[in-house]
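Asker: Coordinates in query-v7.cif, mmCIF, C-alpha atoms, are listed below.
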```cif
data_structure
loop_
_atom_site.label_atom_id
_atom_site.label_comp_id
_atom_site.auth_asym_id
_atom_site.auth_seq_id
_atom_site.Cartn_x
_atom_site.Cartn_y
_atom_site.Cartn_z
CA MET A 1 -50.71 55.27 -91.53
CA VAL A 2 -50.95 55.44 -87.73
CA GLU A 3 -50.17 59.07 -86.87
CA ARG A 4 -50.41 60.09 -83.24
CA SER A 5 -48.51 61.78 -80.48
CA VAL A 6 -47.45 59.14 -77.99
CA GLU A 7 -47.64 60.13 -74.31
CA LEU A 8 -45.81 58.43 -71.48
CA THR A 9 -48.30 55.98 -69.96
CA ALA A 10 -48.21 52.53 -68.38
CA GLU A 11 -49.35 51.10 -71.71
CA VAL A 12 -46.40 52.71 -73.53
CA GLU A 13 -43.94 51.62 -70.83
CA ILE A 14 -45.05 47.96 -71.12
CA LEU A 15 -44.89 48.01 -74.92
CA GLY A 16 -41.49 49.72 -74.78
CA ALA A 17 -40.16 47.09 -72.36
CA LEU A 18 -41.35 44.32 -74.67
CA LEU A 19 -39.68 45.94 -77.68
CA ILE A 20 -36.39 46.77 -75.92
CA ASP A 21 -35.93 43.41 -74.20
CA PRO A 22 -37.62 40.47 -75.99
CA GLY A 23 -36.54 38.29 -73.05
CA LEU A 24 -39.22 39.96 -70.92
CA ALA A 25 -42.02 38.74 -73.18
CA GLY A 26 -42.72 35.61 -71.11
CA PRO A 27 -42.87 37.30 -67.67
CA ILE A 28 -44.87 40.28 -68.95
CA LEU A 29 -47.37 38.16 -70.90
CA ALA A 30 -47.95 36.15 -67.72
CA GLU A 31 -48.89 39.35 -65.86
CA VAL A 32 -50.99 41.33 -68.35
CA GLY A 33 -53.45 40.56 -71.13
CA GLU A 34 -54.83 42.47 -74.09
CA GLU A 35 -57.94 43.34 -72.04
CA ASP A 36 -55.67 45.49 -69.82
CA PHE A 37 -54.94 47.86 -72.74
CA LEU A 38 -57.65 50.50 -72.97
CA ASP A 39 -56.27 52.11 -76.14
CA PRO A 40 -57.26 50.00 -79.22
CA THR A 41 -54.02 50.90 -81.06
CA TYR A 42 -51.80 49.83 -78.17
CA ARG A 43 -53.92 46.71 -77.80
CA THR A 44 -53.20 45.87 -81.44
CA VAL A 45 -49.45 46.24 -80.90
CA PHE A 46 -49.58 44.07 -77.78
CA ARG A 47 -51.56 41.42 -79.68
CA ALA A 48 -48.92 41.36 -82.43
CA ILE A 49 -46.11 40.90 -79.89
CA ARG A 50 -47.99 38.08 -78.20
CA GLN A 51 -48.64 36.42 -81.56
CA LEU A 52 -44.92 36.43 -82.40
CA TRP A 53 -43.98 35.10 -78.97
CA LEU A 54 -46.50 32.24 -79.15
CA GLN A 55 -45.05 31.30 -82.55
CA GLY A 56 -41.56 31.19 -81.07
CA LYS A 57 -40.37 34.16 -83.14
CA PRO A 58 -38.36 37.20 -81.94
CA THR A 59 -40.43 40.11 -80.63
CA ASP A 60 -38.02 42.91 -81.60
CA PRO A 61 -39.31 46.10 -83.30
CA VAL A 62 -38.46 44.89 -86.83
CA MET A 63 -40.48 41.68 -86.41
CA VAL A 64 -43.38 43.53 -84.80
CA ARG A 65 -43.47 46.02 -87.68
CA SER A 66 -43.47 43.13 -90.18
CA VAL A 67 -46.71 41.90 -88.57
CA LEU A 68 -48.41 45.29 -88.19
CA GLY A 69 -47.17 47.06 -91.32
CA ARG A 70 -45.05 50.17 -91.99
CA GLU A 71 -47.81 52.48 -90.82
CA TYR A 72 -46.94 51.53 -87.22
CA ASN A 73 -43.26 52.49 -87.66
CA ASP A 74 -43.46 55.93 -85.96
CA LEU A 75 -45.56 54.57 -83.10
CA LEU A 76 -43.04 51.82 -82.35
CA VAL A 77 -40.14 54.28 -82.50
CA GLN A 78 -41.84 56.65 -80.05
CA CYS A 79 -42.55 53.77 -77.62
CA LEU A 80 -38.84 52.89 -77.71
CA GLU A 81 -37.74 56.49 -77.18
CA LEU A 82 -40.08 57.12 -74.24
CA THR A 83 -39.10 53.94 -72.37
CA VAL A 84 -35.94 54.89 -70.49
CA THR A 85 -35.58 51.61 -68.58
CA THR A 86 -37.25 48.20 -68.37
CA ALA A 87 -36.37 47.76 -64.69
CA ASN A 88 -39.77 49.01 -63.46
CA TRP A 89 -41.97 46.88 -65.70
CA LYS A 90 -43.63 45.06 -62.76
CA ALA A 91 -44.82 48.34 -61.22
CA HIS A 92 -46.06 49.50 -64.63
CA ALA A 93 -47.88 46.19 -65.16
CA ALA A 94 -49.64 46.60 -61.81
CA LEU A 95 -50.63 50.16 -62.74
CA LEU A 96 -51.88 48.97 -66.12
CA ARG A 97 -54.14 46.36 -64.51
CA GLU A 98 -55.40 48.91 -61.97
CA GLN A 99 -56.31 51.41 -64.68
CA ALA A 100 -58.09 48.71 -66.68
CA LYS A 101 -60.04 47.69 -63.59
CA LEU A 102 -61.05 51.27 -62.91
CA ALA A 103 -62.25 51.72 -66.49
CA LYS A 104 -64.35 48.54 -66.28
CA LEU A 105 -65.83 49.65 -62.97
CA ARG A 106 -66.83 52.99 -64.46
CA GLU A 107 -68.46 51.27 -67.41
CA TRP A 108 -70.40 48.81 -65.24
CA ALA A 109 -71.30 51.53 -62.75
CA GLY A 110 -72.84 53.47 -65.63
CA GLN A 111 -74.89 50.42 -66.62
CA LEU A 112 -75.93 49.99 -63.00
CA ALA A 113 -76.99 53.63 -62.70
CA THR A 114 -79.17 53.44 -65.82
CA ALA A 115 -80.65 49.98 -65.20
CA PRO A 116 -84.47 50.14 -65.48
CA ASP A 117 -85.04 47.29 -62.98
CA LEU A 118 -83.29 45.02 -60.48
CA GLU A 119 -83.00 42.11 -62.92
CA THR A 120 -81.11 44.26 -65.42
CA ALA A 121 -78.91 45.60 -62.63
CA GLN A 122 -77.94 42.10 -61.52
CA GLN A 123 -75.41 41.49 -64.31
CA PRO A 124 -73.23 44.62 -63.85
CA LEU A 125 -73.46 44.12 -60.07
CA GLU A 126 -72.13 40.55 -60.41
CA GLN A 127 -69.31 41.80 -62.64
CA ILE A 128 -68.36 44.48 -60.10
CA ASN A 129 -68.39 41.97 -57.23
CA GLY A 130 -66.31 39.53 -59.24
CA LEU A 131 -63.74 42.20 -60.13
CA PHE A 132 -63.18 43.15 -56.50
CA CYS A 133 -62.85 39.51 -55.47
CA GLN A 134 -60.23 38.53 -58.06
CA ARG A 135 -56.92 37.44 -56.68
CA GLN A 136 -53.93 38.77 -58.62
CA ASP A 137 -51.03 36.92 -57.00
CA ARG A 138 -49.86 33.70 -58.57
CA ARG A 139 -47.87 31.12 -56.66
CA ILE A 140 -44.96 29.80 -58.70
CA VAL A 141 -42.88 27.13 -56.98
CA SER A 142 -39.55 25.65 -58.07
CA VAL A 143 -38.60 22.03 -57.40
CA ALA A 144 -36.13 23.21 -54.74
CA GLN A 145 -38.83 25.22 -52.93
CA GLY A 146 -41.31 22.39 -53.38
CA TYR A 147 -38.84 19.99 -51.73
CA GLN A 148 -38.37 22.30 -48.75
CA ASP A 149 -42.12 22.74 -48.36
CA PHE A 150 -42.65 18.98 -48.61
CA MET A 151 -40.10 18.22 -45.88
CA GLU A 152 -41.59 20.95 -43.68
CA ARG A 153 -45.06 19.40 -44.01
CA GLN A 154 -43.69 15.97 -43.18
CA ARG A 155 -41.83 17.34 -40.17
CA HIS A 156 -44.78 19.16 -38.61
CA GLY A 157 -47.70 17.20 -40.01
CA ARG A 158 -50.86 18.70 -41.44
CA GLN A 159 -54.23 19.25 -39.81
CA TYR A 160 -56.82 18.08 -42.32
CA ILE A 161 -60.48 18.98 -41.90
CA ALA A 162 -62.32 16.59 -39.56
CA TRP A 163 -66.02 16.04 -40.26
CA GLY A 164 -67.07 14.32 -37.04
CA PHE A 165 -67.07 10.81 -38.53
CA PRO A 166 -63.74 9.08 -37.75
CA LYS A 167 -64.20 6.46 -40.46
CA LEU A 168 -64.57 9.26 -43.00
CA ASP A 169 -61.82 11.44 -41.54
CA THR A 170 -59.19 8.71 -42.01
CA ARG A 171 -59.94 8.49 -45.75
CA LEU A 172 -60.94 11.96 -46.90
CA TYR A 173 -57.91 14.26 -46.63
CA ALA A 174 -59.76 17.53 -47.08
CA ASP A 175 -57.67 20.68 -47.13
CA ALA A 176 -57.97 24.41 -47.77
CA GLY A 177 -58.99 25.10 -51.37
CA ASP A 178 -60.77 21.78 -51.97
CA PHE A 179 -64.18 21.58 -53.64
CA ILE A 180 -66.19 18.76 -52.07
CA VAL A 181 -69.67 17.69 -53.13
CA LEU A 182 -72.23 16.00 -50.88
CA GLY A 183 -74.97 14.51 -53.04
CA GLY A 184 -78.27 12.94 -52.14
CA ARG A 185 -81.77 12.46 -53.40
CA PRO A 186 -84.54 14.66 -51.98
CA SER A 187 -85.23 13.94 -48.28
CA ALA A 188 -82.10 11.81 -47.89
CA GLY A 189 -80.92 14.11 -45.09
CA LYS A 190 -78.18 16.10 -46.86
CA THR A 191 -78.93 19.33 -45.03
CA MET A 192 -79.03 17.69 -41.61
CA LEU A 193 -75.76 15.83 -42.25
CA ALA A 194 -74.07 18.96 -43.60
CA LEU A 195 -75.23 21.01 -40.60
CA GLY A 196 -73.72 18.44 -38.25
CA MET A 197 -70.47 18.46 -40.20
CA ALA A 198 -70.42 22.27 -40.21
CA ASP A 199 -70.83 22.31 -36.44
CA HIS A 200 -67.89 19.93 -35.98
CA VAL A 201 -65.65 21.90 -38.36
CA SER A 202 -66.58 25.20 -36.67
CA ARG A 203 -64.85 24.15 -33.47
CA SER A 204 -61.51 24.90 -35.11
CA ARG A 205 -62.29 26.92 -38.27
CA ARG A 206 -64.53 29.81 -39.32
CA VAL A 207 -67.52 28.30 -41.14
CA GLY A 208 -70.29 29.84 -43.21
CA PHE A 209 -73.41 27.77 -43.94
CA PHE A 210 -75.13 29.28 -47.00
CA SER A 211 -78.74 28.09 -47.07
CA LEU A 212 -80.56 28.74 -50.33
CA GLU A 213 -83.59 26.62 -49.44
CA THR A 214 -84.15 26.37 -45.68
CA SER A 215 -84.71 29.30 -43.31
CA ASP A 216 -82.23 29.95 -40.53
CA ALA A 217 -85.01 29.39 -37.94
CA LYS A 218 -85.68 25.86 -39.23
CA LEU A 219 -81.96 25.10 -39.40
CA PHE A 220 -81.41 26.20 -35.81
CA ASP A 221 -84.42 24.18 -34.66
CA ARG A 222 -82.64 21.09 -35.99
CA TYR A 223 -79.28 22.27 -34.72
CA PHE A 224 -80.36 22.73 -31.11
CA ALA A 225 -82.31 19.46 -31.16
CA ALA A 226 -79.05 17.69 -32.02
CA GLN A 227 -76.81 19.69 -29.70
CA GLY A 228 -79.15 19.62 -26.71
CA ASN A 229 -80.36 16.04 -27.22
CA ILE A 230 -83.89 17.40 -27.30
CA ASP A 231 -86.83 15.66 -28.94
CA PHE A 232 -87.48 17.53 -32.19
CA ALA A 233 -91.26 17.27 -31.78
CA ARG A 234 -91.12 19.23 -28.51
CA ILE A 235 -89.13 21.98 -30.25
CA LYS A 236 -91.62 22.29 -33.12
CA GLN A 237 -94.54 22.33 -30.66
CA HIS A 238 -92.79 24.86 -28.40
CA ARG A 239 -93.04 22.52 -25.42
CA LEU A 240 -89.49 22.53 -24.06
CA SER A 241 -89.28 20.94 -20.62
CA PRO A 242 -87.26 22.48 -17.78
CA LEU A 243 -84.70 19.70 -18.35
CA ASP A 244 -84.44 20.64 -22.06
CA LYS A 245 -83.74 24.24 -21.18
CA GLU A 246 -81.25 23.22 -18.52
CA GLN A 247 -79.35 21.03 -20.98
CA LEU A 248 -79.05 23.87 -23.47
CA GLU A 249 -78.07 26.33 -20.77
CA ARG A 250 -75.25 24.04 -19.64
CA GLN A 251 -73.91 23.99 -23.20
CA ARG A 252 -74.42 27.67 -23.93
CA GLU A 253 -70.80 28.70 -23.45
CA SER A 254 -69.55 25.86 -25.64
CA LEU A 255 -72.15 26.55 -28.35
CA TRP A 256 -71.51 30.27 -28.43
CA ALA A 257 -67.80 29.56 -28.93
CA ARG A 258 -68.55 27.84 -32.25
CA LYS A 259 -67.29 29.77 -35.29
CA LEU A 260 -70.41 28.93 -37.29
CA GLU A 261 -72.69 31.40 -39.07
CA VAL A 262 -75.82 30.62 -41.08
CA VAL A 263 -76.39 32.83 -44.11
CA GLN A 264 -79.84 33.16 -45.66
CA ALA A 265 -78.61 32.90 -49.25
CA SER A 266 -81.71 32.65 -51.43
CA GLY A 267 -81.04 34.34 -54.80
CA MET A 268 -77.30 34.66 -54.25
CA ALA A 269 -74.81 34.07 -57.09
CA VAL A 270 -71.32 32.64 -56.66
CA THR A 271 -69.84 36.15 -56.70
CA ASP A 272 -72.13 37.13 -53.81
CA ILE A 273 -71.11 34.03 -51.84
CA LEU A 274 -67.43 34.76 -52.49
CA ALA A 275 -67.68 38.42 -51.51
CA LEU A 276 -69.40 37.58 -48.23
CA SER A 277 -67.01 34.70 -47.50
CA LEU A 278 -64.02 37.00 -47.89
CA ALA A 279 -65.66 39.72 -45.81
CA ARG A 280 -66.52 37.26 -42.98
CA ARG A 281 -63.15 35.47 -43.32
CA TYR A 282 -64.72 32.02 -43.69
CA GLN A 283 -62.24 29.17 -44.04
CA VAL A 284 -64.88 26.54 -44.90
CA ILE A 285 -68.28 27.12 -46.44
CA PHE A 286 -71.25 24.83 -46.98
CA VAL A 287 -73.63 25.67 -49.83
CA ASP A 288 -77.11 24.13 -49.66
CA TYR A 289 -77.44 23.52 -52.52
CA ILE A 290 -75.54 23.94 -55.81
CA GLN A 291 -78.49 23.73 -58.21
CA LEU A 292 -80.21 26.67 -56.45
CA ILE A 293 -77.36 29.17 -56.89
CA ALA A 294 -78.34 32.01 -59.20
CA SER A 295 -76.76 32.02 -62.66
CA ARG A 296 -77.47 33.82 -65.91
CA GLY A 297 -77.63 32.76 -69.53
CA GLY A 298 -77.81 29.45 -71.37
CA ASN A 299 -79.94 26.42 -70.61
CA ARG A 300 -80.19 24.77 -67.21
CA THR A 301 -77.24 22.44 -67.79
CA GLU A 302 -75.02 25.35 -68.84
CA GLU A 303 -76.08 27.38 -65.79
CA VAL A 304 -75.28 24.59 -63.31
CA SER A 305 -71.99 23.87 -65.11
CA ARG A 306 -70.99 27.51 -64.78
CA VAL A 307 -71.87 27.52 -61.07
CA SER A 308 -69.79 24.38 -60.50
CA MET A 309 -66.76 25.83 -62.31
CA ASP A 310 -67.09 29.11 -60.39
CA LEU A 311 -67.22 27.29 -57.04
CA HIS A 312 -64.15 25.24 -57.99
CA THR A 313 -62.29 28.42 -59.01
CA MET A 314 -63.38 30.16 -55.81
CA ALA A 315 -62.01 27.30 -53.68
CA GLN A 316 -58.67 27.12 -55.50
CA SER A 317 -58.07 30.84 -55.91
CA HIS A 318 -58.91 31.88 -52.36
CA GLY A 319 -57.99 28.81 -50.29
CA ILE A 320 -61.56 28.38 -49.05
CA THR A 321 -62.82 24.81 -48.65
CA VAL A 322 -66.18 24.64 -50.42
CA VAL A 323 -68.66 21.89 -49.56
CA GLY A 324 -71.48 22.02 -52.10
CA LEU A 325 -74.64 20.01 -51.57
CA ALA A 326 -76.17 18.62 -54.75
CA GLN A 327 -79.34 16.85 -55.77
CA LEU A 328 -79.04 13.36 -57.23
CA SER A 329 -81.31 12.09 -59.96
CA ARG A 330 -84.45 10.15 -59.01
CA GLN A 331 -84.13 7.88 -62.06
CA ASN A 332 -82.21 5.18 -60.20
CA GLN A 333 -84.23 5.43 -57.00
CA GLY A 334 -83.51 2.42 -54.81
CA GLU A 335 -80.11 1.76 -56.40
CA ARG A 336 -76.68 2.80 -55.17
CA PRO A 337 -75.89 6.25 -56.56
CA ARG A 338 -73.26 6.82 -59.23
CA LEU A 339 -71.34 9.93 -60.20
CA THR A 340 -73.54 10.21 -63.28
CA ASP A 341 -76.56 10.71 -60.98
CA LEU A 342 -75.46 14.27 -60.16
CA ARG A 343 -78.43 16.18 -61.50
CA GLU A 344 -78.26 18.61 -64.43
CA SER A 345 -74.50 18.69 -64.99
CA GLY A 346 -71.55 16.32 -65.41
CA GLN A 347 -69.36 19.37 -64.76
CA ILE A 348 -69.90 18.93 -61.00
CA GLU A 349 -68.36 15.46 -61.19
CA GLN A 350 -65.39 16.85 -63.11
CA ASP A 351 -64.73 19.86 -60.86
CA ALA A 352 -65.03 18.17 -57.47
CA ASP A 353 -61.98 16.97 -55.55
CA ALA A 354 -64.25 14.55 -53.70
CA VAL A 355 -67.87 13.45 -54.07
CA MET A 356 -69.86 11.90 -51.22
CA ALA A 357 -73.32 10.40 -51.63
CA LEU A 358 -75.89 9.95 -48.87
CA TYR A 359 -78.63 7.38 -49.46
CA LEU A 360 -80.96 4.97 -47.65
CA ALA A 361 -79.31 1.80 -46.39
CA ASN A 362 -82.64 0.06 -46.99
CA PRO A 363 -85.05 1.70 -49.47
CA GLU A 364 -87.92 -0.07 -47.72
CA GLU A 365 -87.20 1.91 -44.53
CA PRO A 366 -87.23 5.66 -45.32
CA GLY A 367 -86.64 6.48 -41.64
CA GLY A 368 -83.82 3.98 -41.25
CA ASP A 369 -80.05 4.15 -41.40
CA ARG A 370 -78.12 5.72 -44.27
CA LYS A 371 -75.02 4.89 -46.26
CA LEU A 372 -72.37 7.55 -46.75
CA GLU A 373 -70.28 6.66 -49.79
CA LEU A 374 -67.20 8.23 -51.34
CA LEU A 375 -67.81 8.07 -55.09
CA LYS A 376 -64.76 10.18 -55.95
CA ASN A 377 -61.73 10.92 -53.82
CA LYS A 378 -58.60 12.31 -55.45
CA GLU A 379 -56.52 12.14 -52.27
CA GLY A 380 -57.74 8.92 -50.65
CA GLN A 381 -59.86 5.78 -50.90
CA LEU A 382 -63.30 5.11 -52.24
CA GLY A 383 -65.88 3.18 -50.24
CA ARG A 384 -68.85 3.51 -47.92
CA PHE A 385 -70.02 3.02 -44.37
CA THR A 386 -73.26 3.04 -42.43
CA ILE A 387 -74.38 6.01 -40.38
CA HIS A 388 -77.25 5.89 -37.94
CA PHE A 389 -80.17 8.27 -38.44
CA ASP A 390 -81.58 9.68 -35.21
CA GLY A 391 -84.71 11.43 -36.45
CA ALA A 392 -85.95 12.31 -32.99
CA HIS A 393 -82.88 14.46 -32.39
CA GLN A 394 -82.11 15.47 -36.01
CA ARG A 395 -78.61 14.06 -36.21
CA PHE A 396 -76.43 11.37 -37.71
CA CYS A 397 -73.79 9.31 -35.94
CA GLU A 398 -71.58 6.42 -36.94
CA ALA A 399 -73.16 3.00 -36.60
CA GLY A 400 -71.73 0.52 -34.10
CA ALA A 401 -68.39 -1.19 -34.61
CA THR A 402 -70.00 -4.39 -35.89
CA PRO A 403 -68.77 -4.76 -39.49
CA VAL A 404 -71.34 -4.66 -42.25
CA LYS A 405 -70.62 -7.01 -45.12
CA GLU A 406 -70.43 -5.06 -48.36
CA GLU A 407 -70.00 -6.22 -51.92
CA PRO A 408 -66.90 -4.81 -53.70
CA TYR A 409 -67.23 -1.68 -55.78
CA PRO A 410 -67.40 -2.67 -59.52
CA GLN A 411 -64.01 -2.12 -61.17
CA GLN A 412 -65.49 -0.40 -64.21
CA GLU A 413 -66.88 2.38 -62.00
CA LEU A 414 -63.41 3.43 -60.85
CA THR A 415 -61.52 6.16 -62.65
CA GLU A 416 -57.79 6.01 -63.29
CA THR A 417 -57.09 8.37 -60.41
CA ASN A 418 -59.25 6.37 -58.01
CA GLU A 419 -58.23 2.74 -58.50
CA GLU A 420 -58.33 2.07 -54.78
CA VAL A 421 -59.64 -0.97 -52.92
CA PRO A 422 -62.88 0.31 -51.33
CA PHE A 423 -63.10 0.27 -47.56
CA THR A 424 -65.95 -1.69 -45.99
CA ILE A 425 -67.35 -1.13 -42.56
#
```
For this file, write the structure as structure tokens.

Answerer:
Amino acid sequence: MVERSVELTAEVEILGALLIDPGLAGPILAEVGEEDFLDPTYRTVFRAIRQLWLQGKPTDPVMVRSVLGREYNDLLVQCLELTVTTANWKAHAALLREQAKLAKLREWAGQLATAPDLETAQQPLEQINGLFCQRQDRRIVSVAQGYQDFMERQRHGRQYIAWGFPKLDTRLYADAGDFIVLGGRPSAGKTMLALGMADHVSRSRRVGFFSLETSDAKLFDRYFAAQGNIDFARIKQHRLSPLDKEQLERQRESLWARKLEVVQASGMAVTDILALSLARRYQVIFVDYIQLIASRGGNRTEEVSRVSMDLHTMAQSHGITVVGLAQLSRQNQGERPRLTDLRESGQIEQDADAVMALYLANPEEPGGDRKLELLKNKEGQLGRFTIHFDGAHQRFCEAGATPVKEEPYPQQELTETNEEVPFTI
């Protein structure tokens, strides 16, 4: 028999509301979970109510007691007596979640305080960061509201993200909250292309470039070579001419106005990237590259899969556009890449809203032009076009307007959501 003196708490108020008004079961269960109940006995009662509701059965006190047993009779009665009104259940639900958060923080803080080394401290630190970065609000939209929003978007238009390549911009409708993957084999030029895209995006949005592999000094060497039209060899040899310096000086005001920041991100986990992105108010982030993000537990495939899912959740939950660079497998070197070439995890392919691949236009010419191909595009067309590689100035630009004859994309490689006629340029 469960004998205890029931005190008025947020846990009791929520249970009382559920017992008094079974019609509140749906809204309350959408707001709180069993992990929010710190008291094991109250958690058991909540679990029984949820079980009945999921089975489509009434959640009144008689039915709840039939699940738990007669020993819970006095506890249920006291919950009913102490709950004066159900009108304030939303405030009580918020308090319940806050108390549960505080309890978890205290537990993890204790683990952090007693950790014998940094590696052991990493896990509770990640959990603490993740807890602070969770977003509690949920957007629920009726058809009527959806119609009004739709007409408003059509009336005023929508400013999609522009990447600096018009042929790509007209086909990739990238928006806040999208998870986009830029894949390429080693030395294909992913970082250089991404840096150029980040610069273009930063003219209108706050951008964070998280580099897990390349130092900020090396990135800015490439960046200023491209922006100042300076020969990269002179930069590396520290032999800038007076004209080079003059060109950069003329652009200084424009360059300093860019909303672009490079983050040295070696060893960072997704929770670290999210925390910093929120703190710096980034609207778009580039992560170079996905397979280097720190993750714990499981084999390599499981680790990369977890990172991919976390990045996708981060983008959707916080409205941050995430561009993740990814390594492609070397197995099909010399062939056009496929989605299955994403190294170490098919989860990346599944999570991404769009996947671009960068590869050599002619494998016999490693320093030659590249192809940029959309392998997956939920909101637009598949296809590819040629971009010119300017190695001397560390940049890419669209090739001339002369069309390049391309063979059609094989039908069997298209998914149901992407049965589009590929564009050819």

Asker: Using the chain letters and numbers from the file, give me the residues hit by the PyMOL selection byres ((chain A and resi 274) around 10), as a count of residues only.

Answerer: 23

Asker: Quick one: of A:Ala48, A:Ala115, A:Ala10, A:Ile140, who's nearest to A:Ala91, counting all atoms listed in the file?

Answerer: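 For A:Ala91, the nearest of the candidates is A:Ala10.
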
Asker: How far is it from atom CA of A:Leu193 to atom CA of A:Leu219, in Å with one decimal?

Answerer: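 We find that atom CA of A:Leu193 and atom CA of A:Leu219 lie 11.5 Å from each other.
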
Asker: Carefully work through the PyMOL selection byres ((chain A and resi 29-42) around 10) for this structure and note down the residues it includes, as a VMD selection string.

Answerer: chain A and resid 2 10 to 12 14 to 15 18 24 to 28 43 to 50 53 72 75 to 76 90 93 to 101 103 to 104 136 to 138

Asker: Could you check how far atom CA of A:Asp175 sits from atom CA of A:Gly319, in Å to one decimal?

Answerer: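 Separation of atom CA of A:Asp175 and atom CA of A:Gly319: 8.7 Å.
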
Asker: Could you write out as a CSV table (one decimal) with C-alpha atoms, keeping the file's coordinate frame the residues that the PyMOL selection byres ((chain A and resi 268) around 12) matches in the shown file?

Answerer:
```csv
chain,number,residue,atom,x,y,z
A,122,GLN,CA,-77.9,42.1,-61.5
A,125,LEU,CA,-73.5,44.1,-60.1
A,126,GLU,CA,-72.1,40.6,-60.4
A,129,ASN,CA,-68.4,42.0,-57.2
A,210,PHE,CA,-75.1,29.3,-47.0
A,211,SER,CA,-78.7,28.1,-47.1
A,212,LEU,CA,-80.6,28.7,-50.3
A,213,GLU,CA,-83.6,26.6,-49.4
A,263,VAL,CA,-76.4,32.8,-44.1
A,264,GLN,CA,-79.8,33.2,-45.7
A,265,ALA,CA,-78.6,32.9,-49.2
A,266,SER,CA,-81.7,32.6,-51.4
A,267,GLY,CA,-81.0,34.3,-54.8
A,269,ALA,CA,-74.8,34.1,-57.1
A,270,VAL,CA,-71.3,32.6,-56.7
A,271,THR,CA,-69.8,36.2,-56.7
A,272,ASP,CA,-72.1,37.1,-53.8
A,273,ILE,CA,-71.1,34.0,-51.8
A,274,LEU,CA,-67.4,34.8,-52.5
A,275,ALA,CA,-67.7,38.4,-51.5
A,276,LEU,CA,-69.4,37.6,-48.2
A,287,VAL,CA,-73.6,25.7,-49.8
A,288,ASP,CA,-77.1,24.1,-49.7
A,289,TYR,CA,-77.4,23.5,-52.5
A,290,ILE,CA,-75.5,23.9,-55.8
A,291,GLN,CA,-78.5,23.7,-58.2
A,292,LEU,CA,-80.2,26.7,-56.4
A,293,ILE,CA,-77.4,29.2,-56.9
A,294,ALA,CA,-78.3,32.0,-59.2
A,295,SER,CA,-76.8,32.0,-62.7
A,296,ARG,CA,-77.5,33.8,-65.9
A,307,VAL,CA,-71.9,27.5,-61.1
```

Asker: Interatomic distance between atom CA of A:Ala352 and atom CA of A:Arg155?

Answerer: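 Separating atom CA of A:Ala352 from atom CA of A:Arg155 is a distance of 29.0 Å.
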
Asker: Hey, what's within 12 Å of stretch 235-246 of chain A if we count all atoms listed in the file and toss same-chain stuff fewer than 5 positions away? As a list in words, please?

Answerer: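 Surrounding residues, per the criterion: Ala217, Lys218, Leu219, Phe220, Asp221, Arg222, Tyr223, Phe224, Ala225, Ala226, Gln227, Gly228, Asn229, Ile230, Gln251, Arg252, Ala392, His393 and Gln394 of chain A.
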
Asker: What's around A:Thr191 at 8 Å? Count only C-alpha atoms, leave out sequence neighbours fewer than 3 positions away in its own chain, and write the answer as a PyMOL selection string.

Answerer: chain A and resi 194-195+288+325

Asker: When distances are computed from all atoms listed in the file, which of A:Arg65, A:Met356, A:Ala361, A:Leu112 shows the smallest separation from A:Gln327?

Answerer: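 Smallest distance to A:Gln327 is found for A:Met356.
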
Asker: Which protein, DNA or RNA residues are at most 10 Å from (-63.0, 26.7, -39.0) in the file's coordinates when you count all atoms listed in the file, listed as a PyMOL selection string?

Answerer: chain A and resi 161+198-208+258-260+281-285+321

Asker: Skip A:Thr340 itself and residues of its chain fewer than 4 positions away, then list as a compact mmCIF listing (two decimals) with C-alpha atoms, in the coordinates of the input all residues within 9 Å of it, counting all atoms listed in the file.

Answerer:
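Result written to out-v6.txt:
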```txt
# COMPACT_ATOMS: atom_id res chain seq x y z
CA LEU A 328 -79.04 13.36 -57.23
CA SER A 329 -81.31 12.09 -59.96
CA SER A 345 -74.50 18.69 -64.99
CA GLY A 346 -71.55 16.32 -65.41
CA GLU A 349 -68.36 15.46 -61.19
```

Asker: May I ask which of the residues A:Asp149, A:Glu398, A:Glu261, A:Glu373 is the closest one to A:Val181, counting all atoms listed in the file?

Answerer: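 Checking each candidate against A:Val181, we get A:Glu373 as the closest.
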
Asker: Using only C-alpha atoms, pick whichever of A:Ile180, A:Val143, A:Leu360, A:Ala233 has the shortest atom-to-atom distance to A:Phe389.

Answerer: A:Leu360
